[in-house]
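Shown next: my_file-v3.tsv, containing TSV, C-alpha atoms.
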chain	number	residue	atom	x	y	z
A	1	MET	CA	-20.21	-19.61	-28.90
A	2	THR	CA	-21.79	-21.01	-25.78
A	3	ASN	CA	-20.79	-24.44	-24.54
A	4	ASN	CA	-22.07	-26.73	-27.31
A	5	ASN	CA	-21.98	-29.81	-25.10
A	6	VAL	CA	-24.91	-28.59	-23.02
A	7	ALA	CA	-28.45	-27.87	-24.15
A	8	LEU	CA	-29.31	-24.43	-22.82
A	9	ALA	CA	-32.58	-25.33	-21.17
A	10	SER	CA	-34.98	-22.76	-19.77
A	11	LEU	CA	-35.14	-22.29	-16.02
A	12	ASP	CA	-37.98	-24.08	-14.25
A	13	ALA	CA	-39.66	-21.43	-12.09
A	14	ALA	CA	-41.75	-24.04	-10.27
A	15	GLU	CA	-38.67	-26.08	-9.37
A	16	ILE	CA	-36.78	-23.03	-8.11
A	17	THR	CA	-39.81	-21.88	-6.13
A	18	ALA	CA	-40.09	-25.29	-4.50
A	19	ARG	CA	-36.46	-25.05	-3.41
A	20	VAL	CA	-36.40	-21.55	-1.97
A	21	VAL	CA	-39.91	-20.36	-1.03
A	22	ARG	CA	-40.80	-21.46	2.50
A	23	PRO	CA	-43.46	-20.35	5.02
A	24	GLY	CA	-41.89	-17.65	7.16
A	25	GLY	CA	-38.85	-17.40	4.89
A	26	LEU	CA	-37.49	-14.39	3.03
A	27	TRP	CA	-38.44	-15.37	-0.52
A	28	ARG	CA	-42.10	-15.02	-1.46
A	29	GLU	CA	-42.16	-15.31	-5.23
A	30	VAL	CA	-39.79	-16.32	-8.02
A	31	ARG	CA	-40.76	-15.08	-11.47
A	32	VAL	CA	-38.89	-16.07	-14.64
A	33	VAL	CA	-39.34	-14.06	-17.85
A	34	ALA	CA	-37.97	-14.87	-21.28
A	35	GLU	CA	-36.46	-11.44	-21.84
A	36	THR	CA	-36.37	-7.96	-20.37
A	37	GLY	CA	-34.27	-4.87	-20.60
A	38	SER	CA	-33.18	-4.88	-16.95
A	39	THR	CA	-34.46	-6.90	-14.01
A	40	ASN	CA	-33.32	-4.10	-11.70
A	41	VAL	CA	-35.39	-1.51	-13.56
A	42	ASP	CA	-38.43	-3.80	-13.49
A	43	LEU	CA	-38.19	-4.51	-9.76
A	44	LEU	CA	-37.50	-0.87	-8.89
A	45	ALA	CA	-40.76	0.00	-10.65
A	46	ALA	CA	-42.56	-2.76	-8.74
A	47	ALA	CA	-41.06	-1.53	-5.45
A	48	ARG	CA	-42.42	1.96	-6.03
A	49	VAL	CA	-45.97	0.59	-6.18
A	50	GLY	CA	-45.60	-1.53	-3.07
A	51	ALA	CA	-44.21	-4.91	-4.17
A	52	ALA	CA	-43.34	-7.10	-1.21
A	53	GLU	CA	-39.91	-7.88	0.11
A	54	GLY	CA	-38.72	-11.24	-1.10
A	55	THR	CA	-39.75	-10.87	-4.75
A	56	VAL	CA	-37.23	-12.45	-7.15
A	57	LEU	CA	-37.22	-11.64	-10.88
A	58	VAL	CA	-35.09	-13.74	-13.22
A	59	ALA	CA	-34.58	-13.05	-16.94
A	60	GLU	CA	-33.46	-15.70	-19.40
A	61	ALA	CA	-32.04	-12.86	-21.49
A	62	GLN	CA	-31.31	-9.27	-20.50
A	63	THR	CA	-30.81	-6.67	-23.20
A	64	ALA	CA	-30.16	-3.45	-21.29
A	65	GLY	CA	-28.73	-4.49	-17.97
A	66	ARG	CA	-26.59	-2.01	-16.07
A	67	GLY	CA	-23.56	-2.28	-13.87
A	68	ARG	CA	-22.10	0.39	-11.63
A	69	LEU	CA	-21.87	3.87	-13.15
A	70	GLY	CA	-24.25	2.87	-15.94
A	71	ARG	CA	-21.94	0.28	-17.51
A	72	ARG	CA	-23.83	-1.98	-19.89
A	73	TRP	CA	-24.53	-5.64	-19.08
A	74	ALA	CA	-26.23	-7.87	-21.65
A	75	SER	CA	-26.73	-11.62	-21.51
A	76	PRO	CA	-27.57	-14.06	-24.33
A	77	PRO	CA	-30.60	-16.33	-23.85
A	78	ARG	CA	-30.20	-19.04	-21.19
A	79	ALA	CA	-26.39	-18.80	-21.12
A	80	GLY	CA	-26.04	-16.81	-17.91
A	81	LEU	CA	-27.85	-16.11	-14.69
A	82	THR	CA	-29.35	-12.63	-14.43
A	83	PHE	CA	-31.78	-11.78	-11.67
A	84	SER	CA	-32.77	-9.18	-9.10
A	85	VAL	CA	-34.21	-9.38	-5.60
A	86	LEU	CA	-36.33	-6.85	-3.75
A	87	LEU	CA	-35.37	-6.21	-0.12
A	88	ARG	CA	-36.79	-3.86	2.50
A	89	PRO	CA	-34.20	-3.79	5.33
A	90	LEU	CA	-36.34	-1.97	7.88
A	91	GLY	CA	-34.43	-1.01	11.02
A	92	VAL	CA	-31.02	-0.99	9.36
A	93	PRO	CA	-29.37	2.46	9.56
A	94	ALA	CA	-28.86	4.08	6.15
A	95	ALA	CA	-25.11	4.26	6.78
A	96	LEU	CA	-24.92	0.46	6.85
A	97	LEU	CA	-26.89	-0.30	3.68
A	98	GLY	CA	-23.63	-0.45	1.70
A	99	TRP	CA	-23.24	-3.96	3.05
A	100	LEU	CA	-26.05	-5.31	0.87
A	101	PRO	CA	-24.01	-5.75	-2.35
A	102	LEU	CA	-21.08	-7.10	-0.32
A	103	LEU	CA	-23.37	-9.57	1.45
A	104	THR	CA	-24.75	-10.66	-1.93
A	105	GLY	CA	-21.21	-11.17	-3.17
A	106	VAL	CA	-20.48	-13.52	-0.29
A	107	ALA	CA	-23.58	-15.55	-1.16
A	108	ALA	CA	-22.67	-15.61	-4.87
A	109	ALA	CA	-19.11	-16.76	-4.24
A	110	SER	CA	-20.28	-19.53	-1.95
A	111	ALA	CA	-22.89	-20.69	-4.47
A	112	VAL	CA	-20.40	-20.93	-7.34
A	113	VAL	CA	-17.89	-22.81	-5.18
A	114	GLY	CA	-20.61	-25.22	-4.11
A	115	ALA	CA	-21.99	-25.78	-7.60
A	116	ALA	CA	-18.83	-25.90	-9.68
A	117	ALA	CA	-15.85	-26.18	-7.30
A	118	ALA	CA	-14.35	-23.08	-8.93
A	119	ASP	CA	-11.67	-20.86	-7.40
A	120	VAL	CA	-13.91	-17.89	-6.58
A	121	ALA	CA	-13.13	-14.62	-4.81
A	122	LEU	CA	-14.57	-11.12	-4.49
A	123	LYS	CA	-13.22	-7.77	-5.63
A	124	TRP	CA	-14.46	-4.71	-3.77
A	125	PRO	CA	-17.02	-3.36	-4.34
A	126	ASN	CA	-19.12	-5.46	-6.69
A	127	ASP	CA	-17.23	-8.07	-8.74
A	128	VAL	CA	-17.23	-11.84	-8.46
A	129	LEU	CA	-13.96	-13.34	-9.73
A	130	ALA	CA	-12.90	-16.83	-10.76
A	131	GLY	CA	-9.23	-17.52	-11.36
A	132	GLY	CA	-8.58	-13.81	-10.90
A	133	VAL	CA	-10.86	-12.64	-13.74
A	134	LYS	CA	-14.44	-11.44	-13.78
A	135	LEU	CA	-17.25	-13.98	-13.49
A	136	GLY	CA	-20.05	-11.60	-12.61
A	137	GLY	CA	-21.16	-8.40	-10.98
A	138	ILE	CA	-23.65	-6.99	-8.49
A	139	LEU	CA	-25.61	-3.74	-8.51
A	140	ALA	CA	-27.74	-2.40	-5.64
A	141	GLU	CA	-30.20	0.44	-6.23
A	142	ARG	CA	-32.67	2.16	-3.92
A	143	ALA	CA	-36.35	3.12	-4.31
A	144	GLY	CA	-37.66	4.64	-1.08
A	145	SER	CA	-37.34	2.04	1.68
A	146	ALA	CA	-36.63	-0.73	-0.84
A	147	ILE	CA	-33.26	-1.92	-2.11
A	148	VAL	CA	-33.12	-3.90	-5.34
A	149	VAL	CA	-30.00	-6.00	-5.74
A	150	GLY	CA	-29.17	-7.30	-9.20
A	151	VAL	CA	-26.78	-10.17	-9.94
A	152	GLY	CA	-25.29	-11.16	-13.28
A	153	LEU	CA	-23.18	-14.31	-13.64
A	154	THR	CA	-21.78	-15.81	-16.81
A	155	VAL	CA	-22.49	-19.55	-16.69
A	156	TRP	CA	-22.32	-21.43	-20.01
A	157	GLN	CA	-20.59	-18.79	-22.14
A	158	GLY	CA	-17.56	-19.87	-24.14
A	159	ARG	CA	-14.51	-17.68	-24.70
A	160	ALA	CA	-15.96	-16.05	-27.82
A	161	ASP	CA	-19.09	-14.94	-25.94
A	162	LEU	CA	-17.39	-13.24	-23.03
A	163	PRO	CA	-17.83	-9.45	-23.11
A	164	ASP	CA	-14.38	-8.63	-21.74
A	165	GLY	CA	-12.33	-11.30	-23.54
A	166	PRO	CA	-9.46	-12.67	-21.45
A	167	ALA	CA	-10.47	-10.41	-18.54
A	168	ALA	CA	-13.63	-12.49	-18.01
A	169	THR	CA	-14.65	-16.11	-17.56
A	170	SER	CA	-17.74	-18.27	-17.01
A	171	VAL	CA	-18.72	-20.95	-14.54
A	172	ALA	CA	-18.33	-23.60	-17.26
A	173	LEU	CA	-14.79	-22.42	-18.06
A	174	ALA	CA	-13.71	-21.91	-14.44
A	175	GLY	CA	-15.36	-24.93	-12.82
A	176	ALA	CA	-13.45	-28.07	-11.96
A	177	PRO	CA	-13.99	-30.76	-14.61
A	178	GLY	CA	-16.29	-33.48	-13.31
A	179	SER	CA	-17.65	-31.34	-10.48
A	180	ALA	CA	-21.20	-32.15	-9.41
A	181	GLY	CA	-22.56	-28.85	-10.66
A	182	LEU	CA	-21.08	-29.07	-14.15
A	183	ALA	CA	-22.13	-32.70	-14.37
A	184	ALA	CA	-25.70	-31.56	-13.73
A	185	GLY	CA	-25.71	-30.01	-17.21
A	186	PRO	CA	-28.86	-27.99	-17.93
A	187	ALA	CA	-29.77	-27.98	-14.22
A	188	LEU	CA	-26.62	-26.05	-13.29
A	189	ARG	CA	-28.27	-22.63	-13.50
A	190	GLU	CA	-31.17	-23.77	-11.30
A	191	ARG	CA	-28.76	-25.17	-8.73
A	192	LEU	CA	-26.68	-21.99	-8.77
A	193	LEU	CA	-29.75	-19.80	-8.34
A	194	ALA	CA	-31.21	-21.89	-5.54
A	195	GLU	CA	-27.92	-22.00	-3.63
A	196	LEU	CA	-27.30	-18.30	-4.13
A	197	LEU	CA	-30.78	-17.33	-2.94
A	198	GLY	CA	-30.44	-19.66	0.03
A	199	GLY	CA	-27.12	-18.15	1.06
A	200	LEU	CA	-28.36	-14.62	0.45
A	201	ALA	CA	-31.39	-15.20	2.67
A	202	ARG	CA	-29.25	-16.62	5.50
A	203	TRP	CA	-26.78	-13.74	5.48
A	204	TYR	CA	-29.43	-11.06	5.01
A	205	LEU	CA	-31.60	-12.26	7.87
A	206	ALA	CA	-28.60	-12.68	10.18
A	207	TRP	CA	-27.43	-9.14	9.29
A	208	ARG	CA	-30.87	-7.54	9.58
A	209	ASP	CA	-32.54	-9.48	12.39
A	210	GLN	CA	-30.12	-8.99	15.28
A	211	ALA	CA	-29.86	-6.75	18.33
A	212	SER	CA	-27.94	-4.19	16.25
A	213	PRO	CA	-29.52	-4.40	12.76
A	214	GLY	CA	-26.96	-4.04	9.99
A	215	ASP	CA	-23.94	-4.69	12.23
A	216	ALA	CA	-21.60	-6.66	9.96
A	217	ASP	CA	-19.27	-7.53	12.83
A	218	ALA	CA	-21.91	-8.96	15.14
A	219	CYS	CA	-23.21	-11.42	12.53
A	220	GLY	CA	-19.78	-12.38	11.17
A	221	LEU	CA	-20.34	-10.81	7.77
A	222	ARG	CA	-17.35	-8.46	7.83
A	223	GLN	CA	-15.00	-11.31	8.70
A	224	GLU	CA	-16.43	-13.55	5.96
A	225	TYR	CA	-16.25	-10.80	3.36
A	226	ALA	CA	-12.64	-10.02	4.28
A	227	ARG	CA	-11.77	-13.70	3.96
A	228	ARG	CA	-13.08	-13.80	0.39
A	229	CYS	CA	-12.01	-10.35	-0.84
A	230	THR	CA	-8.78	-10.34	-2.86
A	231	THR	CA	-8.64	-6.54	-2.91
A	232	LEU	CA	-7.53	-6.47	0.71
A	233	GLY	CA	-3.82	-6.54	1.44
A	234	ARG	CA	-2.92	-5.31	-2.05
A	235	GLU	CA	-1.47	-2.08	-3.38
A	236	VAL	CA	-4.32	-0.40	-5.25
A	237	ALA	CA	-5.05	2.71	-7.30
A	238	VAL	CA	-8.59	3.95	-6.70
A	239	THR	CA	-9.84	6.32	-9.39
A	240	MET	CA	-12.43	8.81	-8.17
A	241	PRO	CA	-14.85	10.96	-10.20
A	242	GLY	CA	-12.97	13.89	-11.67
A	243	GLY	CA	-9.82	11.82	-12.16
A	244	GLU	CA	-8.36	11.92	-8.63
A	245	VAL	CA	-6.44	8.72	-7.85
A	246	VAL	CA	-6.00	7.41	-4.30
A	247	THR	CA	-3.00	5.06	-4.12
A	248	GLY	CA	-2.04	2.86	-1.20
A	249	THR	CA	-2.64	-0.48	0.49
A	250	ALA	CA	-6.21	-1.72	0.81
A	251	THR	CA	-6.20	-2.64	4.48
A	252	GLY	CA	-9.82	-3.45	5.20
A	253	VAL	CA	-13.51	-2.70	4.89
A	254	ASP	CA	-14.98	-0.49	7.60
A	255	ARG	CA	-18.23	-0.99	9.53
A	256	SER	CA	-20.17	0.75	6.72
A	257	GLY	CA	-18.69	-1.39	3.94
A	258	ARG	CA	-16.31	1.31	2.72
A	259	LEU	CA	-12.84	0.39	1.48
A	260	GLU	CA	-10.00	1.51	3.73
A	261	VAL	CA	-6.80	2.48	1.93
A	262	ARG	CA	-3.58	3.26	3.79
A	263	THR	CA	-1.90	6.04	1.80
A	264	ALA	CA	1.29	8.01	2.30
A	265	HIS	CA	-0.86	10.68	3.97
A	266	GLY	CA	-2.88	8.44	6.28
A	267	LEU	CA	-6.00	6.27	6.13
A	268	ALA	CA	-8.55	7.09	3.41
A	269	THR	CA	-12.02	5.56	3.16
A	270	VAL	CA	-13.91	5.37	-0.13
A	271	THR	CA	-17.52	4.42	-0.80
A	272	ALA	CA	-18.63	2.28	-3.73
A	273	GLY	CA	-20.74	5.08	-5.18
A	274	ASP	CA	-17.72	7.40	-5.35
A	275	VAL	CA	-15.36	4.99	-7.13
A	276	VAL	CA	-14.82	4.75	-10.88
A	277	HIS	CA	-12.15	2.01	-10.82
A	278	VAL	CA	-10.18	-0.02	-8.29
A	279	ARG	CA	-7.07	-1.40	-9.94
A	280	PRO	CA	-3.73	-2.87	-8.85
A	281	ALA	CA	-1.30	-0.03	-8.33
A	282	ASN	CA	1.20	-1.65	-10.69
A	283	GLY	CA	-1.11	-2.97	-13.40
A	284	ARG	CA	-4.54	-3.03	-15.01
A	285	GLY	CA	-7.85	-4.41	-13.86
A	286	ASP	CA	-11.36	-3.04	-13.53

Would you write the structure of this file as structure tokens?
Amino acid sequence: MTNNNVALASLDAAEITARVVRPGGLWREVRVVAETGSTNVDLLAAARVGAAEGTVLVAEAQTAGRGRLGRRWASPPRAGLTFSVLLRPLGVPAALLGWLPLLTGVAAASAVVGAAAADVALKWPNDVLAGGVKLGGILAERAGSAIVVGVGLTVWQGRADLPDGPAATSVALAGAPGSAGLAAGPALRERLLAELLGGLARWYLAWRDQASPGDADACGLRQEYARRCTTLGREVAVTMPGGEVVTGTATGVDRSGRLEVRTAHGLATVTAGDVVHVRPANGRGD
């Protein structure tokens, strides 16, 4: 069951809009719907007919959400935070677009730390972790010049509601008791969303609007991601399509956002789209 001590109030679109939509800023519109199959699918369709950059679509419940490689993601009404944003990173070389989900992860981790004082980290390429287990995920998909980035975070779910059992957690379970965010009760999801969108806008604009658009080193993004990513420095087993496994030490993320793995045969680089699993070499984990 979800946390029974908190009334699961609906998100206030007007309040969120007032916090994040500014003249000259990235975000133009925040829409909240009661339920949809997938916010990513909806925004990809909108992108194809010319929807503007900066559109945000939030669903109180998502029934057919998707993670990487088509993995299912569903969320019960008002218990989590599921939303997608539409971006059009004009001027950024295609080879550097892999930084968008990593950039979003940095913003998500910072938002959860700020709202709930949880111990949050990132797992390459698309997981947000709290206490070493999964708190949420990120999925970026392309439609022409547009990139839609979807975020799913478990917020008020109790143990019984978590899709992956002990391998998952929620903000309510992971947050420090008495933290300002948890004390805010029903307003926690609004605070999380506003802080995440604020951080995402800052990192995105710094990454895009510079002398070398998309350069993760020049704007400090690569350093910040490396600081938060617990995959780096560990022995990992990377499972590729077809069953091939690359084993070695995850040493870094290259300028395109690819994972660098030092193997017995030299340095291998793997892209997020070519990876089925990244797990500790001596144990399990998705």

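Atom CA of A:Arg228 sits 8.2 Å away from atom CA of A:Ala109.
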
Once you add 4 Å to each side, what are the centre and edge lengths of the axis-aligned box holding all listed atoms of stretch 249-265 of chain A? One decimal in Å, as lines of an AutoDock Vina configuration file, if you can.
center_x = -9.4
center_y = 3.6
center_z = 5.0
size_x = 29.5
size_y = 22.1
size_z = 17.0

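Across the model, the gap from atom CA of A:Val85 to atom CA of A:Ser145 is 13.9 Å.
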
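If you measure from each of A:Glu244, A:Leu86, A:Leu100, A:Ile138 to A:Arg28 using only C-alpha atoms, the closest one turns out to be A:Leu86.
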
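Each of A:Ala13, A:Ala61, A:Ala216, A:Leu81 was checked against A:Leu96 using all atoms listed in the file; the smallest atom-to-atom distance is that of A:Ala216.
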
So which residues fall inside 7 Å of (-29.1, -18.4, -22.1) if we count only C-alpha atoms? Mind giving them as a ChimeraX atom specification?
/A:8,60-61,76-80

Excluding stretch 167-170 of chain A and residues on its chain fewer than 3 positions from it, collect all residues at most 8 Å away from it, counting all atoms listed in the file, and give them as a PyMOL selection string.
chain A and resi 130+133-135+153-159+162-164+173-174

So how far away is atom CA of A:Glu190 from atom CA of A:Asp12, in Å?
7.4 Å

For stretch 250-267 of chain A, find every residue with an atom within 10 Å (counting only C-alpha atoms), except residues of its own chain fewer than 2 positions away, and show them as a VMD selection string.
chain A and resid 93 to 103 124 to 125 214 to 217 222 to 223 225 to 226 229 to 238 246 to 248 269 to 273

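Comparing A:Ala47, A:Leu129, A:Leu90, A:Ala160 by their smallest distance to A:Val113, the closest is A:Leu129 (using only C-alpha atoms).
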
Mind checking which residues fall within 8 Å of A:Gly37, counting all atoms listed in the file, ignoring those fewer than 3 positions away in the same chain, and posting them as a tab-separated table (two decimals) with C-alpha atoms, in the frame of the given file?
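Output file selection_6.tsv is given in full below:
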chain	number	residue	atom	x	y	z
A	41	VAL	CA	-35.39	-1.51	-13.56
A	62	GLN	CA	-31.31	-9.27	-20.50
A	63	THR	CA	-30.81	-6.67	-23.20
A	64	ALA	CA	-30.16	-3.45	-21.29
A	65	GLY	CA	-28.73	-4.49	-17.97

Across A:Leu11, A:Thr17, A:Ala187, A:Thr82, the smallest distance to A:Gly152, with only C-alpha atoms counted, is shown by A:Thr82

What lies within 8 Å of A:Val33 using only C-alpha atoms, ignoring chain neighbours under 6 positions off, as a ChimeraX atom specification?
/A:57-60

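Distances from A:Gly24, A:Pro280, A:Val245, A:Ala206 to A:Ala268 were compared using all atoms listed in the file, and the smallest one belongs to A:Val245.
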
If we draw a sphere of 8 Å around (-25.7, -13.5, 11.7), which residues have at least one atom in it when counting only C-alpha atoms? Please report them as a ChimeraX atom specification.
/A:202-203,205-207,209-210,218-221

Keeping only C-alpha atoms, write those residues as a PDB file, in the frame of the given file.
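And here is the file that came out, again.pdb:
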ATOM      1  CA  ARG A 202     -29.250 -16.620   5.500  1.00  0.00           C
ATOM      2  CA  TRP A 203     -26.780 -13.740   5.480  1.00  0.00           C
ATOM      3  CA  LEU A 205     -31.600 -12.260   7.870  1.00  0.00           C
ATOM      4  CA  ALA A 206     -28.600 -12.680  10.180  1.00  0.00           C
ATOM      5  CA  TRP A 207     -27.430  -9.140   9.290  1.00  0.00           C
ATOM      6  CA  ASP A 209     -32.540  -9.480  12.390  1.00  0.00           C
ATOM      7  CA  GLN A 210     -30.120  -8.990  15.280  1.00  0.00           C
ATOM      8  CA  ALA A 218     -21.910  -8.960  15.140  1.00  0.00           C
ATOM      9  CA  CYS A 219     -23.210 -11.420  12.530  1.00  0.00           C
ATOM     10  CA  GLY A 220     -19.780 -12.380  11.170  1.00  0.00           C
ATOM     11  CA  LEU A 221     -20.340 -10.810   7.770  1.00  0.00           C
TER      12      LEU A 221
END
